[in-house]
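Data first, discussion second: the structure below is written as structure tokens.
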Amino acid sequence: MTNPPLPIRTEETYDFDELARLFEIAFHTSLSPEVRAGEREIWEPGRSLLVRDGPDLVAHASAFTRELTVPGATVPATHVTMVAVLPTHRRRGLLTRLMQRQLRDVRDAGREPVAVLWASEGGIYPRFGYGLAARQLTVDCATTELRLPAPTAAEGPLRLDRPAARRPDLARLYDRVRVDRPGWSDRDERWWRYVLGDPPSERGGATELRVLLHEGPGGGIDGYALWRSRQDSDLAGPRGVTMVQEMVTEGPAARTALWRALLSLDLARRLSYAGPVDDPLLHLVDEPRRLVARVGDALWLRVVDVPAALAARRYATAVDVVIEVADALLPENAGRWRLTGGPDDARCVPTDRPADLACDVRALGELYLGGAGLTALADAGRVTELRPGALAAAGPAFSWHRAPAGLGVF
């Protein structure tokens, strides 16, 4: 006889160390007490789904309750996290059931029209309707081979400090900048403690986390970079590495000054950094190919409520288009939707009009933050043009003046 499937359950309180042990096995790691303390503070047990085999936790999925910046607006978004299945319980459909149950719960709650995640493997989540919504530019360069423009009068002084000591300044700047950065998530006090937490076990032989700050014309902070460095050398001399964790700036003067300092640290010969695909660094340096830049995936997004999600964001140009959407997991999303809107507002309602475009919900996820081109998706066979000219008419509306980016894995 076939054993009945193990039930999915919710538990308002359970042992975080039990969850940590599951993750250590699933992700081939070991979590120090400091790391566990940091993860425990942001953990939301009330949003967790668990599978137990007897008393043992064998599979898990959870989410964080946060806001996400989207083109022209911010929306509540399910931040999917802590997804793992023990190797002893793979190939039993547990991950599929957890993901389907999570999407159903989010849809039924009606508060978050989209869900986002960072994928451990890109092949896992498209089958649940997640599309690659934001890419990431990774830089690994030899600092001695790059030059930046000469300093200008617009550049202010730079200050070094410990990040925790400047947390209020960093938070104020981040909040000002975030509203124009699709893909960035809000950070409350808990999240700032997590981002700036610096457990020695996670430094990989590098220094403690540091912050470099740029002062604007009025004396306030208008740019910062979180970074650390690692000492290295060979017979030819020093070969230190500078690792930039994140950079947030309000204007070109702050960004140029910060990069000039980070690319010219004494005894350092290499620098690593991950940023948006339209990062200004590509246009600041004298020889872009020396950056050895690569593009990889960052945020994956799942549209949970099609009309609410499409109406929540703004559009670069006026748009009036009927989209026929397919969604095997959330049938409420399937059907024809008329989207009208522009830079100031948007509306999405069901319609009986003939469709101009057709796609599945995964393609909508790829389009949602403005990072994927509508025509590019059509060329890949992911979007179908049903009315001639619809791609050319609607494509510019779904784009945005800034490329989306994920800032900080959650």
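Starting from 1 in every chain, residues are counted up; chains themselves are A, B, ... following the order of the structure tokens, and ligands are numbered from 1 as listed.
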task: Identify, on the basis of only C-alpha atoms, every residue whose closest approach to A:Ala257 does not exceed 12 Å; exclude the query and any residue fewer than 6 positions from it along the same chain; express the result as a count of residues only.
output: 28
Near-A:Leu407 list (12 Å; only C-alpha atoms; drop same-chain fewer than 6 positions) as a PyMOL selection string: chain A and resi 68-69+117-118+134-137+174+178+181-187+195+245-248+273-276+298-299
Output file for the selection above: C-alpha atoms, as a PDB file, in the first residue's frame:
ATOM      1  CA  LEU A  68       9.135  45.991  -2.866  1.00  0.00           C
ATOM      2  CA  THR A  69       9.876  48.947  -5.119  1.00  0.00           C
ATOM      3  CA  LEU A 117      12.889  35.252  -4.215  1.00  0.00           C
ATOM      4  CA  TRP A 118      16.579  34.580  -4.833  1.00  0.00           C
ATOM      5  CA  ALA A 134      16.117  41.373 -12.286  1.00  0.00           C
ATOM      6  CA  ARG A 135      19.640  40.507 -13.347  1.00  0.00           C
ATOM      7  CA  GLN A 136      22.904  41.263 -11.604  1.00  0.00           C
ATOM      8  CA  LEU A 137      26.199  42.590 -12.911  1.00  0.00           C
ATOM      9  CA  TYR A 174      18.560  54.251   1.588  1.00  0.00           C
ATOM     10  CA  ARG A 178      14.953  53.143  -2.745  1.00  0.00           C
ATOM     11  CA  ARG A 181      15.097  51.545  -7.600  1.00  0.00           C
ATOM     12  CA  PRO A 182      12.819  48.698  -8.804  1.00  0.00           C
ATOM     13  CA  GLY A 183      13.703  45.475  -7.025  1.00  0.00           C
ATOM     14  CA  TRP A 184      14.875  47.028  -3.761  1.00  0.00           C
ATOM     15  CA  SER A 185      13.040  46.049  -0.565  1.00  0.00           C
ATOM     16  CA  ASP A 186      12.288  48.147   2.497  1.00  0.00           C
ATOM     17  CA  ARG A 187      14.397  47.774   5.631  1.00  0.00           C
ATOM     18  CA  VAL A 195      22.343  43.796   6.838  1.00  0.00           C
ATOM     19  CA  GLN A 245      28.972  44.693  -0.542  1.00  0.00           C
ATOM     20  CA  GLU A 246      26.637  47.508  -1.564  1.00  0.00           C
ATOM     21  CA  MET A 247      26.736  51.074  -2.824  1.00  0.00           C
ATOM     22  CA  VAL A 248      23.923  53.603  -2.448  1.00  0.00           C
ATOM     23  CA  TYR A 273      31.304  43.965  -6.627  1.00  0.00           C
ATOM     24  CA  ALA A 274      27.757  43.041  -7.660  1.00  0.00           C
ATOM     25  CA  GLY A 275      25.337  45.712  -8.862  1.00  0.00           C
ATOM     26  CA  PRO A 276      22.577  46.433 -11.388  1.00  0.00           C
ATOM     27  CA  ALA A 298      19.115  38.123  -9.203  1.00  0.00           C
ATOM     28  CA  LEU A 299      15.427  38.480  -8.296  1.00  0.00           C
TER      29      LEU A 299
END
One residue among A:Arg66, A:Arg97, A:Arg402, A:Arg127 is nearest to A:Asp278 when using only C-alpha atoms, and that residue is A:Arg402
>> Using only C-alpha atoms for the distances, tell me which of A:Leu291, A:Val35, A:Ala268, A:Val211 is nearest to A:Asp198.
In response: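 The answer is A:Val35, which sits nearest to A:Asp198.
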Using only C-alpha atoms, which protein or nucleic acid residues come within 9 Å of A:Glu12? Drop anything in the same chain fewer than 3 positions from it, and give the result as a VMD selection string. chain A and resid 44 to 48
| message | Give me the residues near stretch 300-305 of chain A as a VMD selection string, where near means some atom within 10 Å (using only C-alpha atoms) and where sequence neighbours in that chain fewer than 4 positions away do not count. | response | chain A and resid 77 to 80 103 to 104 106 to 108 110 to 119 122 125 to 126 128 to 135 183 309 to 310 327 329 to 330 332 to 333 361 to 369 406
Just C-alpha atoms for this one: save the residues we selected as a compact mmCIF listing (two decimals), in the first residue's frame.
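Wrote selection34.txt, looks like this:
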# COMPACT_ATOMS: atom_id res chain seq x y z
CA ALA A 77 5.43 41.55 -1.64
CA THR A 78 5.90 38.03 -0.31
CA HIS A 79 9.67 37.58 0.09
CA VAL A 80 10.03 33.81 -0.19
CA LEU A 103 1.06 30.65 -3.48
CA ARG A 104 -2.49 29.66 -2.63
CA VAL A 106 -0.76 34.38 -0.42
CA ARG A 107 -3.48 34.68 -3.04
CA ASP A 108 -6.25 33.93 -0.55
CA GLY A 110 -5.17 39.15 -0.76
CA ARG A 111 -2.51 41.48 0.64
CA GLU A 112 0.54 40.83 -1.56
CA PRO A 113 0.03 40.83 -5.36
CA VAL A 114 3.55 39.53 -6.11
CA ALA A 115 6.12 37.18 -4.59
CA VAL A 116 9.90 37.44 -5.02
CA LEU A 117 12.89 35.25 -4.21
CA TRP A 118 16.58 34.58 -4.83
CA ALA A 119 16.98 31.14 -6.36
CA GLY A 122 17.52 28.90 -11.57
CA TYR A 125 11.15 28.07 -9.72
CA PRO A 126 9.93 28.72 -13.30
CA PHE A 128 5.84 27.56 -10.22
CA GLY A 129 5.39 30.65 -12.38
CA TYR A 130 8.43 32.66 -11.24
CA GLY A 131 10.14 34.68 -13.95
CA LEU A 132 13.62 36.21 -13.91
CA ALA A 133 12.73 39.84 -13.18
CA ALA A 134 16.12 41.37 -12.29
CA ARG A 135 19.64 40.51 -13.35
CA GLY A 183 13.70 45.47 -7.02
CA ALA A 309 -0.15 43.63 -9.65
CA LEU A 310 -0.48 45.24 -13.09
CA ASP A 327 -1.74 30.31 -15.08
CA LEU A 329 -1.50 27.06 -10.47
CA LEU A 330 -3.72 30.07 -9.77
CA GLU A 332 -8.04 33.21 -10.99
CA ASN A 333 -5.24 34.81 -12.99
CA VAL A 361 2.22 34.19 -15.76
CA ARG A 362 5.97 33.53 -15.73
CA ALA A 363 6.46 35.96 -18.62
CA LEU A 364 4.49 38.58 -16.71
CA GLY A 365 6.92 38.11 -13.82
CA GLU A 366 9.86 38.77 -16.13
CA LEU A 367 8.21 41.94 -17.47
CA TYR A 368 6.96 43.26 -14.17
CA LEU A 369 10.00 45.21 -12.92
CA GLY A 406 18.16 43.02 -6.14
Give me, as a PyMOL selection string, all polymer residues having an atom no more than 8 Å from A:Ala358, counting only C-alpha atoms and skipping those fewer than 4 positions away in the same chain. chain A and resi 323-325+383-386
Store the residues picked out above, limited to N, CA and C atoms, as a compact mmCIF listing (two decimals), in the first residue's frame.
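Below you can see again05.txt, which holds the result:
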# COMPACT_ATOMS: atom_id res chain seq x y z
N ILE A 323 -4.27 41.52 -22.58
CA ILE A 323 -3.33 40.40 -22.45
C ILE A 323 -4.09 39.16 -22.02
N GLU A 324 -3.89 38.09 -22.74
CA GLU A 324 -4.47 36.80 -22.34
C GLU A 324 -3.42 36.03 -21.57
N VAL A 325 -3.73 35.74 -20.31
CA VAL A 325 -2.77 35.15 -19.39
C VAL A 325 -3.14 33.70 -19.09
N VAL A 383 6.07 35.27 -25.43
CA VAL A 383 4.91 36.14 -25.60
C VAL A 383 4.47 36.01 -27.05
N THR A 384 3.15 35.93 -27.28
CA THR A 384 2.62 35.81 -28.63
C THR A 384 1.87 37.09 -29.00
N GLU A 385 2.22 37.67 -30.14
CA GLU A 385 1.51 38.84 -30.64
C GLU A 385 0.29 38.38 -31.43
N LEU A 386 -0.91 38.73 -30.94
CA LEU A 386 -2.15 38.32 -31.58
C LEU A 386 -2.73 39.41 -32.47
The distance between atom CA of A:Asp232 and atom CA of A:Val277 is 29.1 Å
- Message: DSSP on the backbone, strand (DSSP E) only: what residues of stretch 237-387 of chain A does that give? Format it as a ChimeraX atom specification.
- Response: /A:237-238,240-249,268-275,294-297,299-303,319-326,335-341,346-350,357-360,383-385
Can you check which residues of stretch 305-390 of chain A DSSP gives as helix (DSSP H, G or I) on the backbone and send them as a compact mmCIF listing (two decimals) with C-alpha atoms, in the first residue's frame?
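This went into part20.txt:
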# COMPACT_ATOMS: atom_id res chain seq x y z
CA VAL A 306 -2.67 39.72 -12.09
CA PRO A 307 -5.07 42.69 -12.00
CA ALA A 308 -3.81 43.98 -8.64
CA ALA A 309 -0.15 43.63 -9.65
CA LEU A 310 -0.48 45.24 -13.09
CA ALA A 311 -2.52 48.13 -11.66
CA ALA A 312 -0.02 48.71 -8.83
CA PRO A 331 -6.68 29.85 -12.18
CA GLU A 332 -8.04 33.21 -10.99
CA ASN A 333 -5.24 34.81 -12.99
CA VAL A 361 2.22 34.19 -15.76
CA ARG A 362 5.97 33.53 -15.73
CA ALA A 363 6.46 35.96 -18.62
CA LEU A 364 4.49 38.58 -16.71
CA GLY A 365 6.92 38.11 -13.82
CA GLU A 366 9.86 38.77 -16.13
CA LEU A 367 8.21 41.94 -17.47
CA TYR A 368 6.96 43.26 -14.17
CA LEU A 374 8.53 42.57 -24.44
CA THR A 375 9.87 42.03 -27.94
CA ALA A 376 12.76 39.94 -26.63
CA LEU A 377 10.30 37.66 -24.84
CA ALA A 378 8.26 37.40 -28.02
CA ASP A 379 11.38 36.51 -30.00
CA ALA A 390 0.75 45.26 -30.38
Set the distance at 9 Å and use only C-alpha atoms: which residues neighbour A:Leu94 once local chain neighbours fewer than 3 positions away are removed? I'd like the list as a JSON list (two decimals) with C-alpha atoms, in the first residue's frame.
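Printed below is around.json as written:
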[["chain", "number", "residue", "atom", "x", "y", "z"],
["A", 5, "PRO", "CA", 1.49, 12.08, 1.81],
["A", 6, "LEU", "CA", 3.02, 13.83, 4.77],
["A", 8, "ILE", "CA", 1.84, 20.44, 5.41],
["A", 51, "VAL", "CA", 6.47, 19.11, 6.79],
["A", 59, "ALA", "CA", 10.83, 20.22, 4.59],
["A", 60, "HIS", "CA", 10.18, 23.91, 5.06],
["A", 85, "VAL", "CA", 13.98, 19.61, 1.84],
["A", 89, "HIS", "CA", 12.84, 13.12, 1.57],
["A", 90, "ARG", "CA", 13.61, 14.34, -1.95],
["A", 91, "ARG", "CA", 11.63, 13.19, -4.98],
["A", 97, "ARG", "CA", 3.34, 20.97, -2.57],
["A", 98, "LEU", "CA", 4.99, 23.62, -0.39],
["A", 99, "MET", "CA", 5.30, 26.10, -3.25]]
Would you list the contacts of stretch 30-32 of chain A as number ranges by chain, taking every protein, DNA or RNA residue within 10 Å and counting only C-alpha atoms, but skipping same-chain residues closer than 4 positions in sequence? A: 17, 20-21, 23-25, 36-37, 39, 199-202
Expected file contents, prior selection, N, CA and C atoms, as a PDB file, in the first residue's frame:
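Saved file out.pdb follows:
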ATOM      1  N   ASP A  17      16.415  26.447  16.072  1.00  0.00           N
ATOM      2  CA  ASP A  17      17.595  25.602  15.897  1.00  0.00           C
ATOM      3  C   ASP A  17      17.263  24.348  15.098  1.00  0.00           C
ATOM      4  N   ALA A  20      17.458  25.540  11.633  1.00  0.00           N
ATOM      5  CA  ALA A  20      18.861  25.757  11.278  1.00  0.00           C
ATOM      6  C   ALA A  20      19.546  24.444  10.919  1.00  0.00           C
ATOM      7  N   ARG A  21      19.230  23.390  11.634  1.00  0.00           N
ATOM      8  CA  ARG A  21      19.836  22.089  11.325  1.00  0.00           C
ATOM      9  C   ARG A  21      19.401  21.597   9.950  1.00  0.00           C
ATOM     10  N   PHE A  23      18.671  23.473   7.416  1.00  0.00           N
ATOM     11  CA  PHE A  23      19.399  24.265   6.432  1.00  0.00           C
ATOM     12  C   PHE A  23      20.859  23.875   6.330  1.00  0.00           C
ATOM     13  N   GLU A  24      21.459  23.562   7.434  1.00  0.00           N
ATOM     14  CA  GLU A  24      22.860  23.143   7.401  1.00  0.00           C
ATOM     15  C   GLU A  24      23.045  21.908   6.532  1.00  0.00           C
ATOM     16  N   ILE A  25      22.097  20.988   6.603  1.00  0.00           N
ATOM     17  CA  ILE A  25      22.195  19.768   5.803  1.00  0.00           C
ATOM     18  C   ILE A  25      21.874  20.062   4.343  1.00  0.00           C
ATOM     19  N   ARG A  36      23.021  32.312  13.506  1.00  0.00           N
ATOM     20  CA  ARG A  36      21.691  31.866  13.924  1.00  0.00           C
ATOM     21  C   ARG A  36      20.935  32.991  14.622  1.00  0.00           C
ATOM     22  N   ALA A  37      21.616  33.763  15.435  1.00  0.00           N
ATOM     23  CA  ALA A  37      20.962  34.863  16.150  1.00  0.00           C
ATOM     24  C   ALA A  37      20.436  35.903  15.171  1.00  0.00           C
ATOM     25  N   GLU A  39      19.647  35.426  11.931  1.00  0.00           N
ATOM     26  CA  GLU A  39      18.549  34.859  11.163  1.00  0.00           C
ATOM     27  C   GLU A  39      17.290  34.740  12.018  1.00  0.00           C
ATOM     28  N   PRO A 199      29.043  38.751  11.494  1.00  0.00           N
ATOM     29  CA  PRO A 199      29.625  37.648  12.269  1.00  0.00           C
ATOM     30  C   PRO A 199      30.977  37.233  11.712  1.00  0.00           C
ATOM     31  N   PRO A 200      31.981  37.105  12.559  1.00  0.00           N
ATOM     32  CA  PRO A 200      33.319  36.719  12.087  1.00  0.00           C
ATOM     33  C   PRO A 200      33.325  35.433  11.270  1.00  0.00           C
ATOM     34  N   SER A 201      32.412  34.518  11.556  1.00  0.00           N
ATOM     35  CA  SER A 201      32.389  33.241  10.835  1.00  0.00           C
ATOM     36  C   SER A 201      32.033  33.412   9.367  1.00  0.00           C
ATOM     37  N   GLU A 202      31.468  34.567   8.997  1.00  0.00           N
ATOM     38  CA  GLU A 202      31.045  34.793   7.614  1.00  0.00           C
ATOM     39  C   GLU A 202      32.003  35.683   6.834  1.00  0.00           C
TER      40      GLU A 202
END
Quiz item: Can you tell me how far atom CA of A:Gly381 sits from atom CA of A:Gly123, in Å to one decimal?
Solution: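 Going from atom CA of A:Gly381 over to atom CA of A:Gly123, I get 18.0 Å.
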Check: Which residue, A:Val139, A:Ala397, A:Ala165, A:Ala171, has the smallest gap to A:Leu282 when you use only C-alpha atoms?
Finding: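 Selected residue with least distance to A:Leu282: A:Val139.
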Original post:
Which residue out of A:Ala316, A:Val349, A:Leu146, A:Ala164 has the minimum interatomic distance to A:Trp259 when only C-alpha atoms are used?
Top reply: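 Distance minimum relative to A:Trp259 lands on A:Leu146.
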Item to check | A:Pro163, A:Gly72, A:Pro343, A:Gly197 ranked by distance to A:Ile42, top pick (using only C-alpha atoms) | outcome: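 Smallest separation from A:Ile42 among the options: A:Gly197.
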